[in-house]
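Engineer: Before anything else, here's the structure in question.
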Amino acid sequence: MLVVTHNGPFHADDVLAYGLIRAFVDETAEVVRSRSPEDWARADIVIDVGGVYAPDQGRFDHHQASYQGPLSSAGMVVRWLAADGHISELVRDALQRQVVDYVDEVDNGRLQPQSGVPCFANQVQAFNHGNQTLEDFDAAFVEAAEFARRFVKGIAAGIEAIQAARSKVEAAMDAAVASGSNVLELECYCKWKPAYFELGGADHPTEYALYPGMDGKWHVLAIPPGFGDFAQKRSLPEEWAGLTGSSLEKATGIEGAKFCHKNRFIAVFMTREGALEALERTDRRWRKQLA
């Protein structure tokens, strides 16, 4: 696939548009940066140049007077990707919410990137600095587009991971209620928080999540009261705070206790059984204090 865009300095929208194409249509798509109509004519896709918006023809420009919509080339491309089945509606919504709508706003002058904030537009702009020739800009564009490709692929992977985790999280929530446990136990690590709170986790009786880490150890996380909240429904015990190794083993009474963060939101144990026993002892002590 041959993609053509304009040469010289670039912006977040043309970088993102090409990154989206390489992420979801053709990872090997080549780019030619040119303002020559001859190059536009031979291209499979033309972005941010050429004066034509015609998705069925692979043309995505927004500068011509005949186009009065709110999109930049990035917004045009992401709509086409969804319409042609290259991405799901869920992924399109996530892409628009997390980066594309913002880039459209900036490129069309409705929003000014804030100085000192490493937003996508400012990060792309940094790739322009120091270039002295058209060839320099071409090379920097390719680097910026690879950054954009990895970024949008990550957004899509995150959405897919959340969807894959949903059934596991729902089953774990039901199991905790059925057993009267305050522990959300997951058989493997997954992106559980979005699904947990979408499924009513804020009002769910679980207070801790337990899951195996990639290192084989078992992680206990104090569940926050809401998605993105830094507080905890119930913090891990104060006497565990900041301890590691033998000091934490002594405080918990559990052999294989490895680490507890000083802010008491995560602790690590060598075994599942040790982690559960530590939480059960904590719960018994807490209930005794309430009584």
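The way I read the labels, and the way they are meant: chains A, B, ... in the order of the structure tokens, residue 1 as the first residue of every chain, and ligand 1 as the first ligand shown, with later ones counted on from there.
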Please list as a VMD selection string every residue within 7 Å of Phe227 (chain A), counting only C-alpha atoms and excluding residues in the same chain fewer than 5 positions away.

Structural biologist: chain A and resid 193 to 194 197

Engineer: Please list as a PyMOL selection string every residue within 8 Å of region 5-16 of chain A, counting only C-alpha atoms and excluding residues in the same chain fewer than 5 positions away.

Structural biologist: chain A and resi 31-35+46-49+72-74+100+103-104+107+120-121+124-125+128+134+137-138+141+144-145+148-149

Engineer: Go ahead and save the residues from that selection, with C-alpha atoms, as a PDB file, in the first residue's frame.

Structural biologist:
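Wrote out-v4.pdb, looks like this:
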ATOM      1  CA  VAL A  31       4.766   6.688   2.680  1.00  0.00           C
ATOM      2  CA  VAL A  32       5.799   9.282   0.132  1.00  0.00           C
ATOM      3  CA  ARG A  33       5.744  12.864   1.334  1.00  0.00           C
ATOM      4  CA  SER A  34       5.011  15.114  -1.636  1.00  0.00           C
ATOM      5  CA  ARG A  35       2.910  18.040  -2.822  1.00  0.00           C
ATOM      6  CA  VAL A  46      -3.735  10.396   0.301  1.00  0.00           C
ATOM      7  CA  ILE A  47      -3.870  12.099   3.689  1.00  0.00           C
ATOM      8  CA  ASP A  48      -3.876  15.774   4.683  1.00  0.00           C
ATOM      9  CA  VAL A  49      -3.226  17.003   1.166  1.00  0.00           C
ATOM     10  CA  SER A  72      -8.826  16.536  10.614  1.00  0.00           C
ATOM     11  CA  SER A  73      -7.245  13.820   8.473  1.00  0.00           C
ATOM     12  CA  ALA A  74      -6.944  11.658  11.616  1.00  0.00           C
ATOM     13  CA  VAL A 100      -8.298  11.320  17.760  1.00  0.00           C
ATOM     14  CA  VAL A 103      -6.036  15.870  17.571  1.00  0.00           C
ATOM     15  CA  ASP A 104      -9.007  17.004  15.457  1.00  0.00           C
ATOM     16  CA  ASP A 107      -5.467  20.747  14.171  1.00  0.00           C
ATOM     17  CA  PHE A 120       0.121  13.741  21.824  1.00  0.00           C
ATOM     18  CA  ALA A 121       0.237  16.962  19.777  1.00  0.00           C
ATOM     19  CA  VAL A 124       4.619  14.866  17.741  1.00  0.00           C
ATOM     20  CA  GLN A 125       5.685  18.496  17.415  1.00  0.00           C
ATOM     21  CA  ASN A 128       9.958  18.434  14.004  1.00  0.00           C
ATOM     22  CA  LEU A 134      13.013  17.988   3.557  1.00  0.00           C
ATOM     23  CA  PHE A 137      11.552  15.977   7.984  1.00  0.00           C
ATOM     24  CA  ASP A 138      10.726  12.813   6.015  1.00  0.00           C
ATOM     25  CA  PHE A 141       7.875  11.808  10.134  1.00  0.00           C
ATOM     26  CA  ALA A 144       6.808   9.946  14.719  1.00  0.00           C
ATOM     27  CA  ALA A 145       4.391   7.710  12.804  1.00  0.00           C
ATOM     28  CA  ALA A 148       1.760   6.843  16.774  1.00  0.00           C
ATOM     29  CA  ARG A 149       1.302   3.284  15.468  1.00  0.00           C
TER      30      ARG A 149
END

Engineer: Looking at A:Phe230, A:Trp286, A:Phe259, A:Phe24, which one is nearest to Ser88 (chain A), with distances taken over only C-alpha atoms?

Structural biologist: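 Distance minimum relative to Ser88 (chain A) lands on A:Phe24.
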
Engineer: Name the residues in contact with Asp84 (chain A) at a cut-off of 12 Å, using only C-alpha atoms, excluding same-chain residues fewer than 6 positions from it; report them as a ChimeraX atom specification.

Structural biologist: /A:24-25,55-56,58,77-78,92

Engineer: Would you write out those residues with C-alpha atoms, as a PDB file, in the first residue's frame?

Structural biologist:
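The file below, again.pdb, is the result:
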ATOM      1  CA  PHE A  24      -4.967  -1.448  11.394  1.00  0.00           C
ATOM      2  CA  VAL A  25      -4.721  -1.792   7.601  1.00  0.00           C
ATOM      3  CA  PRO A  55     -13.164   7.671   1.810  1.00  0.00           C
ATOM      4  CA  ASP A  56     -14.215   5.250  -0.941  1.00  0.00           C
ATOM      5  CA  GLY A  58      -8.827   6.673  -0.128  1.00  0.00           C
ATOM      6  CA  VAL A  77      -9.229   8.013   8.711  1.00  0.00           C
ATOM      7  CA  VAL A  78     -10.549   6.566  11.968  1.00  0.00           C
ATOM      8  CA  ARG A  92     -13.053   3.361  17.360  1.00  0.00           C
TER       9      ARG A  92
END

Engineer: Once DSSP has gone over the backbone, tell me which residues of region 129-277 of chain A are in strand (DSSP E or B), as a short mmCIF file (atom, residue, chain, number, x, y, z; two decimals) with N, CA and C atoms, in the first residue's frame.

Structural biologist:
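Listed below is the output, result_26.cif:
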data_model
loop_
_atom_site.label_atom_id
_atom_site.label_comp_id
_atom_site.auth_asym_id
_atom_site.auth_seq_id
_atom_site.Cartn_x
_atom_site.Cartn_y
_atom_site.Cartn_z
N VAL A 183 -12.74 -11.04 49.28
CA VAL A 183 -11.60 -11.14 48.38
C VAL A 183 -12.07 -11.49 46.97
N LEU A 184 -11.69 -10.67 46.02
CA LEU A 184 -11.94 -10.95 44.60
C LEU A 184 -10.74 -11.73 44.11
N GLU A 185 -10.91 -13.05 43.92
CA GLU A 185 -9.79 -13.89 43.52
C GLU A 185 -9.84 -14.17 42.03
N TYR A 208 -10.52 -6.60 48.66
CA TYR A 208 -9.18 -6.91 48.18
C TYR A 208 -9.26 -7.77 46.93
N ALA A 209 -8.30 -7.57 46.02
CA ALA A 209 -8.16 -8.43 44.85
C ALA A 209 -6.91 -9.27 45.04
N LEU A 210 -7.00 -10.55 44.66
CA LEU A 210 -5.88 -11.47 44.78
C LEU A 210 -5.66 -12.13 43.43
N TYR A 211 -4.42 -12.07 42.94
CA TYR A 211 -4.13 -12.66 41.64
C TYR A 211 -2.63 -12.98 41.55
N PRO A 212 -2.27 -13.96 40.69
CA PRO A 212 -0.85 -14.28 40.52
C PRO A 212 -0.17 -13.24 39.63
N TRP A 218 2.15 -13.98 44.49
CA TRP A 218 0.73 -13.62 44.58
C TRP A 218 0.59 -12.21 45.12
N HIS A 219 -0.20 -11.43 44.41
CA HIS A 219 -0.37 -10.02 44.73
C HIS A 219 -1.73 -9.77 45.37
N VAL A 220 -1.72 -9.00 46.43
CA VAL A 220 -2.95 -8.56 47.09
C VAL A 220 -3.06 -7.06 46.88
N LEU A 221 -4.19 -6.64 46.33
CA LEU A 221 -4.40 -5.22 46.07
C LEU A 221 -5.63 -4.75 46.82
N ALA A 222 -5.49 -3.67 47.57
CA ALA A 222 -6.65 -3.06 48.23
C ALA A 222 -7.47 -2.34 47.16
N THR A 244 9.31 -5.42 54.32
CA THR A 244 9.72 -6.41 53.34
C THR A 244 10.32 -7.62 54.06
N ALA A 257 5.88 -13.95 53.12
CA ALA A 257 5.43 -12.57 52.90
C ALA A 257 6.63 -11.77 52.39
N LYS A 258 6.48 -11.06 51.30
CA LYS A 258 7.64 -10.44 50.65
C LYS A 258 7.68 -8.92 50.73
N PHE A 259 6.51 -8.27 50.57
CA PHE A 259 6.54 -6.81 50.41
C PHE A 259 5.17 -6.23 50.67
N CYS A 260 5.14 -5.06 51.31
CA CYS A 260 3.91 -4.27 51.42
C CYS A 260 4.27 -2.81 51.18
N ILE A 266 -0.87 -2.40 48.22
CA ILE A 266 -0.47 -3.66 47.60
C ILE A 266 0.52 -4.38 48.49
N ALA A 267 0.37 -5.71 48.50
CA ALA A 267 1.32 -6.58 49.20
C ALA A 267 1.56 -7.81 48.34
N VAL A 268 2.73 -8.43 48.54
CA VAL A 268 3.12 -9.58 47.71
C VAL A 268 3.51 -10.74 48.63
N PHE A 269 3.05 -11.93 48.25
CA PHE A 269 3.32 -13.16 49.00
C PHE A 269 3.82 -14.23 48.04
#

Engineer: Which parts of region 66-264 of chain A does DSSP call alpha helix (DSSP H) when run on the backbone here, written out as an NGL selection string?

Structural biologist: :A and (73-83 or 89-95 or 101-107 or 120-126 or 134-179 or 192-198 or 245-252)
